[in-house]
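Peer 1: Structure incoming, see below.
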Amino acid sequence: SLDEFITAVGTPHDKVWDERISNVIIHRDENLAQVWMDYSFYLGDKFLHCGVNSFQLISTKKGWKIISITDTKRNSNCAE
């Protein structure tokens, strides 16, 4: 759920959650944008997994807002 996601990423942790992104691709048409990127996730110094993040955004009078987040997760074929 959204509340669980906010709690998970917004709560301090003993080890740093480090999501390193690369290969960012942005497609935009007026007030709609799609952002696609590879990521590698580390817990402290330990590599855990990789995948792709996909964000969909819309531009409003108050600025760009994320309306959708989707990601994949794998433990092989990762380019750390």
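So you can find residues: chains in the structure tokens are A, B, ... in the order shown, residues in each start at 1, and ligands are numbered from 1 in order.
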Using DSSP on the backbone, list every residue of chain A that comes out as alpha helix (DSSP H), and give them as a PyMOL selection string.

Peer 2: chain A and resi 2-10

Peer 1: Write out as a ChimeraX atom specification all residues of chain A that DSSP puts in strand (DSSP E) for this structure's backbone.

Peer 2: /A:17-29,32-43,46-60,63-71

Peer 1: Compile the contact shell of range 40-49 of chain A as a list in words: residues with an atom at most 6 Å away, counting only C-alpha atoms, same-chain residues fewer than 4 positions apart removed.

Peer 2: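 The residues satisfying every condition are Lys15, Val16, Trp17, Asp18, Glu19, Arg20, Arg74 and Asn75 of chain A.
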
Peer 1: If you keep N, CA, C and O atoms, can you produce a file of those selected residues as a compact mmCIF listing (two decimals), in the first residue's frame?

Peer 2:
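In the end it all went to again.txt:
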```
# COMPACT_ATOMS: atom_id res chain seq x y z
N LYS A 15 21.18 0.75 8.54
CA LYS A 15 22.09 0.82 7.39
C LYS A 15 21.45 1.69 6.31
O LYS A 15 20.24 1.71 6.15
N VAL A 16 22.30 2.39 5.57
CA VAL A 16 21.82 3.28 4.51
C VAL A 16 21.21 2.48 3.36
O VAL A 16 21.79 1.50 2.91
N TRP A 17 20.04 2.90 2.91
CA TRP A 17 19.42 2.36 1.70
C TRP A 17 19.97 3.19 0.54
O TRP A 17 19.70 4.39 0.45
N ASP A 18 20.73 2.58 -0.33
CA ASP A 18 21.42 3.29 -1.40
C ASP A 18 20.98 2.73 -2.75
O ASP A 18 21.42 1.65 -3.15
N GLU A 19 20.11 3.46 -3.44
CA GLU A 19 19.66 3.04 -4.77
C GLU A 19 20.37 3.89 -5.79
O GLU A 19 20.13 5.10 -5.89
N ARG A 20 21.26 3.24 -6.55
CA ARG A 20 22.08 3.94 -7.54
C ARG A 20 21.42 3.77 -8.91
O ARG A 20 21.18 2.66 -9.34
N ARG A 74 15.61 -8.07 -9.59
CA ARG A 74 16.28 -9.33 -9.90
C ARG A 74 17.63 -9.39 -9.19
O ARG A 74 18.16 -8.36 -8.77
N ASN A 75 18.16 -10.60 -9.07
CA ASN A 75 19.43 -10.80 -8.40
C ASN A 75 20.52 -11.28 -9.34
O ASN A 75 21.64 -11.55 -8.91
```

Peer 1: Excluding Ile26 in chain A and its own-chain neighbours fewer than 6 positions away, which residues fall within 7 Å of it when counting only C-alpha atoms? Please give them as a list in words.

Peer 2: Ala33, Gln34, Val35 and Trp36 of chain A

Peer 1: Write out the residues from the selection above, keeping C-alpha atoms, as a short mmCIF file (atom, residue, chain, number, x, y, z; two decimals), in the first residue's frame.

Peer 2:
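So the final result, stored in out.cif, reads:
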```cif
data_model
loop_
_atom_site.label_atom_id
_atom_site.label_comp_id
_atom_site.auth_asym_id
_atom_site.auth_seq_id
_atom_site.Cartn_x
_atom_site.Cartn_y
_atom_site.Cartn_z
CA ALA A 33 6.22 12.40 -18.74
CA GLN A 34 7.59 8.87 -18.41
CA VAL A 35 10.98 8.29 -16.73
CA TRP A 36 12.72 4.89 -17.07
#
```

Peer 1: Mind checking which residues fall within 10 Å of Asp38 in chain A, counting only C-alpha atoms, ignoring those fewer than 2 positions away in the same chain, and posting them as a list in words?

Peer 2: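 In the requested format, the answer is Glu19, Arg20, Ile21, Ser22, Asn23, Val24, Ile25, Trp36, Ser40, Cys50, Gly51, Val52, Asn53, Ser54, Asp71, Thr72, Cys78 and Ala79 of chain A.
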
Peer 1: Let me see the file: selected residues, all heavy atoms, as a compact mmCIF listing (two decimals), in the first residue's frame.

Peer 2:
```txt
# COMPACT_ATOMS: atom_id res chain seq x y z
N GLU A 19 20.11 3.46 -3.44
CA GLU A 19 19.66 3.04 -4.77
C GLU A 19 20.37 3.89 -5.79
O GLU A 19 20.13 5.10 -5.89
CB GLU A 19 18.14 3.19 -4.91
CG GLU A 19 17.63 2.67 -6.23
CD GLU A 19 16.13 2.62 -6.30
OE1 GLU A 19 15.54 1.69 -5.72
OE2 GLU A 19 15.54 3.52 -6.94
N ARG A 20 21.26 3.24 -6.55
CA ARG A 20 22.08 3.94 -7.54
C ARG A 20 21.42 3.77 -8.91
O ARG A 20 21.18 2.66 -9.34
CB ARG A 20 23.49 3.37 -7.55
CG ARG A 20 24.14 3.50 -6.18
CD ARG A 20 25.48 2.82 -6.12
NE ARG A 20 25.95 2.77 -4.74
CZ ARG A 20 27.07 2.20 -4.37
NH1 ARG A 20 27.87 1.63 -5.27
NH2 ARG A 20 27.43 2.19 -3.09
N ILE A 21 21.13 4.91 -9.56
CA ILE A 21 20.43 4.86 -10.85
C ILE A 21 21.37 5.16 -12.00
O ILE A 21 22.41 5.81 -11.83
CB ILE A 21 19.22 5.82 -10.86
CG1 ILE A 21 19.67 7.27 -10.70
CG2 ILE A 21 18.21 5.43 -9.79
CD1 ILE A 21 18.57 8.28 -10.95
N SER A 22 21.00 4.64 -13.17
CA SER A 22 21.78 4.89 -14.39
C SER A 22 20.86 4.74 -15.61
O SER A 22 19.74 4.26 -15.49
CB SER A 22 22.95 3.90 -14.48
OG SER A 22 22.48 2.58 -14.53
N ASN A 23 21.38 5.14 -16.74
CA ASN A 23 20.66 5.00 -18.02
C ASN A 23 19.25 5.60 -17.97
O ASN A 23 18.28 4.97 -18.38
CB ASN A 23 20.59 3.53 -18.45
CG ASN A 23 21.97 2.92 -18.59
OD1 ASN A 23 22.88 3.55 -19.09
ND2 ASN A 23 22.12 1.70 -18.12
N VAL A 24 19.15 6.82 -17.48
CA VAL A 24 17.85 7.48 -17.35
C VAL A 24 17.34 7.92 -18.73
O VAL A 24 18.06 8.56 -19.49
CB VAL A 24 17.95 8.71 -16.41
CG1 VAL A 24 16.61 9.44 -16.33
CG2 VAL A 24 18.42 8.29 -15.03
N ILE A 25 16.10 7.54 -19.03
CA ILE A 25 15.45 7.92 -20.28
C ILE A 25 14.14 8.64 -19.92
O ILE A 25 13.34 8.13 -19.14
CB ILE A 25 15.12 6.68 -21.14
CG1 ILE A 25 16.41 5.93 -21.49
CG2 ILE A 25 14.35 7.09 -22.40
CD1 ILE A 25 16.17 4.57 -22.11
N TRP A 36 12.32 6.30 -17.15
CA TRP A 36 12.72 4.89 -17.07
C TRP A 36 14.20 4.88 -16.73
O TRP A 36 14.98 5.62 -17.31
CB TRP A 36 12.48 4.26 -18.43
CG TRP A 36 12.80 2.81 -18.59
CD1 TRP A 36 14.03 2.28 -18.78
CD2 TRP A 36 11.88 1.73 -18.60
NE1 TRP A 36 13.94 0.91 -18.92
CE2 TRP A 36 12.62 0.55 -18.81
CE3 TRP A 36 10.50 1.63 -18.45
CZ2 TRP A 36 12.04 -0.70 -18.88
CZ3 TRP A 36 9.93 0.38 -18.53
CH2 TRP A 36 10.68 -0.77 -18.74
N SER A 40 20.63 -0.13 -9.12
CA SER A 40 21.29 -1.15 -8.30
C SER A 40 21.05 -0.74 -6.85
O SER A 40 21.25 0.42 -6.49
CB SER A 40 22.79 -1.20 -8.57
OG SER A 40 23.04 -1.59 -9.90
N CYS A 50 19.01 -5.60 -8.33
CA CYS A 50 18.95 -4.55 -9.35
C CYS A 50 17.61 -4.66 -10.08
O CYS A 50 16.82 -5.56 -9.81
CB CYS A 50 20.10 -4.68 -10.33
SG CYS A 50 19.99 -6.14 -11.39
N GLY A 51 17.39 -3.75 -11.03
CA GLY A 51 16.16 -3.79 -11.81
C GLY A 51 15.97 -2.50 -12.58
O GLY A 51 16.92 -1.77 -12.85
N VAL A 52 14.72 -2.23 -12.89
CA VAL A 52 14.34 -1.03 -13.62
C VAL A 52 13.24 -0.32 -12.84
O VAL A 52 12.32 -0.96 -12.31
CB VAL A 52 13.81 -1.40 -15.03
CG1 VAL A 52 13.19 -0.20 -15.71
CG2 VAL A 52 14.93 -1.96 -15.88
N ASN A 53 13.35 1.01 -12.73
CA ASN A 53 12.29 1.85 -12.17
C ASN A 53 11.57 2.54 -13.33
O ASN A 53 12.22 2.98 -14.28
CB ASN A 53 12.85 2.95 -11.27
CG ASN A 53 13.42 2.44 -9.98
OD1 ASN A 53 12.94 1.46 -9.42
ND2 ASN A 53 14.45 3.09 -9.50
N SER A 54 10.27 2.67 -13.22
CA SER A 54 9.48 3.40 -14.20
C SER A 54 8.55 4.35 -13.44
O SER A 54 7.78 3.91 -12.58
CB SER A 54 8.66 2.43 -15.05
OG SER A 54 7.79 3.13 -15.91
N ASP A 71 8.37 -1.00 -10.62
CA ASP A 71 9.76 -1.44 -10.74
C ASP A 71 9.85 -2.94 -10.87
O ASP A 71 8.91 -3.67 -10.57
CB ASP A 71 10.59 -0.96 -9.55
CG ASP A 71 10.12 -1.51 -8.23
OD1 ASP A 71 10.30 -2.72 -7.97
OD2 ASP A 71 9.57 -0.74 -7.43
N THR A 72 11.01 -3.38 -11.35
CA THR A 72 11.32 -4.79 -11.39
C THR A 72 12.42 -5.05 -10.37
O THR A 72 13.05 -4.11 -9.86
CB THR A 72 11.81 -5.22 -12.79
OG1 THR A 72 13.04 -4.55 -13.09
CG2 THR A 72 10.77 -4.94 -13.84
N CYS A 78 22.98 -8.33 -13.27
CA CYS A 78 23.06 -6.96 -12.76
C CYS A 78 24.41 -6.35 -13.13
O CYS A 78 25.44 -7.01 -13.00
CB CYS A 78 22.91 -6.94 -11.24
SG CYS A 78 21.31 -7.54 -10.65
N ALA A 79 24.39 -5.11 -13.56
CA ALA A 79 25.62 -4.38 -13.85
C ALA A 79 25.89 -3.46 -12.67
O ALA A 79 25.44 -2.33 -12.63
CB ALA A 79 25.49 -3.59 -15.14
```

Peer 1: I'd like the contact shell of Asp29 in chain A - 12 Å cut-off, only C-alpha atoms, skipping same-chain residues fewer than 5 positions apart - returned as a list in words.

Peer 2: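 Result of the neighbour search: Gln34, Gln56, Leu57, Ile58 and Ser59 of chain A.
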
Peer 1: Could you write out the selected residues, including C-alpha atoms, as an mmCIF file, in the first residue's frame?

Peer 2:
```cif
data_model
loop_
_atom_site.group_PDB
_atom_site.id
_atom_site.type_symbol
_atom_site.label_atom_id
_atom_site.label_comp_id
_atom_site.auth_asym_id
_atom_site.auth_seq_id
_atom_site.Cartn_x
_atom_site.Cartn_y
_atom_site.Cartn_z
ATOM 1 C CA GLN A 34 7.593 8.875 -18.411
ATOM 2 C CA GLN A 56 4.874 8.371 -14.692
ATOM 3 C CA LEU A 57 4.498 12.081 -13.959
ATOM 4 C CA ILE A 58 2.001 14.833 -14.697
ATOM 5 C CA SER A 59 2.634 18.569 -14.626
#
```

Peer 1: Determine the nearest neighbour of Lys65 in chain A from the options A:Leu2, A:Leu32, A:Val9, A:Met37, counting only C-alpha atoms.

Peer 2: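 Looking at the shortest contact to Lys65 in chain A, the residue is A:Leu32.
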